[in-house]
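> Quick one: structure below, then a few questions.
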Amino acid sequence: MKNTSALTIFNTLQKNLDWDDIYQSTLPDLFNYFLYRTRDEKIAQDLSSITLERAWSNKLRYRSDLASVQSWIFGIARNVFKEYLREHRRNASKLVPLEPEDSQTDLFDRNKFDTKILLKRLIAMLPEKEQELIALKYGAGLNNREIAKLLHLSESNVGTRLFRIVESLRKKMEVDNE
Amino acid sequence: MNDNFMYSLRQHPDKNFSTQLKNRLDERTLKQAPKPALRRARLAFGFSVVLVITVISMVLAVPSVRAKLQDLVINIGGQGFLVSNEHPLIHQATTVQPVAIPIEQAAENGVILPTYIPEGFSLEQDQYLFYHVEDSPEGKGDWAEVTWVGPDYEKIAMIVSDSENIKVVGTESLEEISLKGIYPAGLYKGGWDNNSFAWNPTIPFYSLVFVKDGKSISFIGADPQKLILMAESLYP
């Protein structure tokens, strides 16, 4: 009979992962993923909490042979965001205010204009799939290969799409700032 | 491509938020961690002991007892779990002689085998064991038991029984998980010690229990990951 303690088995399953390190390295990227998706700090905090609590509850289910911890957590994050969108489907188009109401009228006032606000607004106007690509790349900080795996796309396809989106955004920002 | 401006929206998470969330996750981890006593646990307890204990605990189908305890029973996906420190059948155990049935007949008798078997494991015998209990002080019911054996004689058992049977498990040992992210199942460590009639959380075996197609299915073994994968392979 094999003489191994259950604790050893448990630890082997966890592949000696340091979940404190995982928390420290993942939270900023996760928070920014949701920030790019919702453009609201409080909602980004809530969705980050839901994602990490769900991940921590399912530590036993994590399989290092299938994905990196980061990819696994962002897989959960994307499901959390889909659930959030479903719940707020009717109000999805006005998910969050982009800026205070009184600043809306100043949107094209060059003196008061903030390039960050413009970028937020331009991202919010992108199609859903393009917003997701932007959030994964610049919010979550994933590389093209990791994004390709998450979205079931080829790496070159991800690169091409991102290039076009970013170029398009850059031109729009240049035009608006002229 | 200069895309630095695309990172300009990034910001650091609020420190208070980060600290509070970390504290919540740490509390969760503490609840999930194996008890310290588990360090001393050894498989010397023997797989058969656990099986016998499990089988006995499965027979708690006494309607009168169930009625009294209904409000204490936790329901996970149709499977009842009574969380208790009291042995389910003190001095009332009934010895049941199983009937060995060829494994080829398992499916037609409602015993569907998992399509995933861990590497190095194979059926212990080309037959499965069928237990039938008529009316007895403990209750009644049918259950089937299939056992796989792997490297170093590591064993995994699957038990199929009526879903009306309630599992009696020790306090703080039960955890709810999802199979394939959808189907709820109960996972717990340890078992009832037949000698002391007490719940023994140091018995180094896990039980994964869930209801599928009206049957209660249990996978029992030392490695919860293997149990989960076998259980998930029962679903399309």
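Labels used: A, B, ... for chains in the order of the structure tokens, numbers from 1 for residues in each chain, and numbers from 1 for ligands as shown.
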Would you list the contacts of segment 143-158 of chain B as a ChimeraX atom specification, taking every protein, DNA or RNA residue within 10 Å and counting only C-alpha atoms, but skipping same-chain residues closer than 2 positions in sequence?
/A:1-3 /B:43,47-48,51,55,58-59,98-101,103,106,109-111,113-114,117-133,141,160-162,205-209,215-223,226-227,230-231
> Do you know which residues are at most 8 Å from segment 67-74 of chain A counting only C-alpha atoms, after dropping those on the same chain fewer than 3 positions away, and could you put them as a list of chain:residue names?
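Contacts, in chain order: A:Ile22, A:Thr26, A:Leu30, A:Thr51, A:Leu52, A:Ala55, A:Tyr62, A:Arg63, A:Ser64, A:Ala77, A:Arg78, A:Glu146, A:Leu150.
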> Rounded to one decimal, what separation in Å do you get between atom CA of Lys22 of chain B and atom CA of Leu187 of chain B?
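Between atom CA of Lys22 of chain B and atom CA of Leu187 of chain B the gap works out to 25.0 Å.
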> If I take atom CA of Leu174 of chain B and atom CA of Gly190 of chain B, how far is one from the other in Å, to one decimal?
9.8 Å
> Record the distance separating atom CA of Glu232 of chain B and atom CA of Gly170 of chain B, expressed in Å with one decimal.
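So the answer is 25.2 Å.
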> Quick one: residues within 10 Å of Ile123 of chain A, only C-alpha atoms counted, chain neighbours fewer than 2 positions away excluded, as a PyMOL selection string?
(chain A and resi 36-37+39+117-121+125-128+130-132+134-135+165-166+169) or (chain B and resi 6)
> Counting only C-alpha atoms, figure out which residue out of B:Asp3, B:Glu86, B:Glu104, B:Asp213 gets nearest to chain A.
B:Asp3
> Given only C-alpha atoms as the basis, pick out the residue of A:Asn157, A:Arg170, A:Ala124, A:Ser25 nearest to chain B.
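Among the listed residues, A:Arg170 lies closest to chain B.
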> Could you go through segment 110-219 of chain B and tell me which residues DSSP, when run on the backbone, assigns to strand (DSSP E), listing them as number ranges by chain?
B: 122-123, 127-136, 139-149, 155-162, 167-169, 174-179, 183-189, 191-193, 198-200, 206-212, 215-219
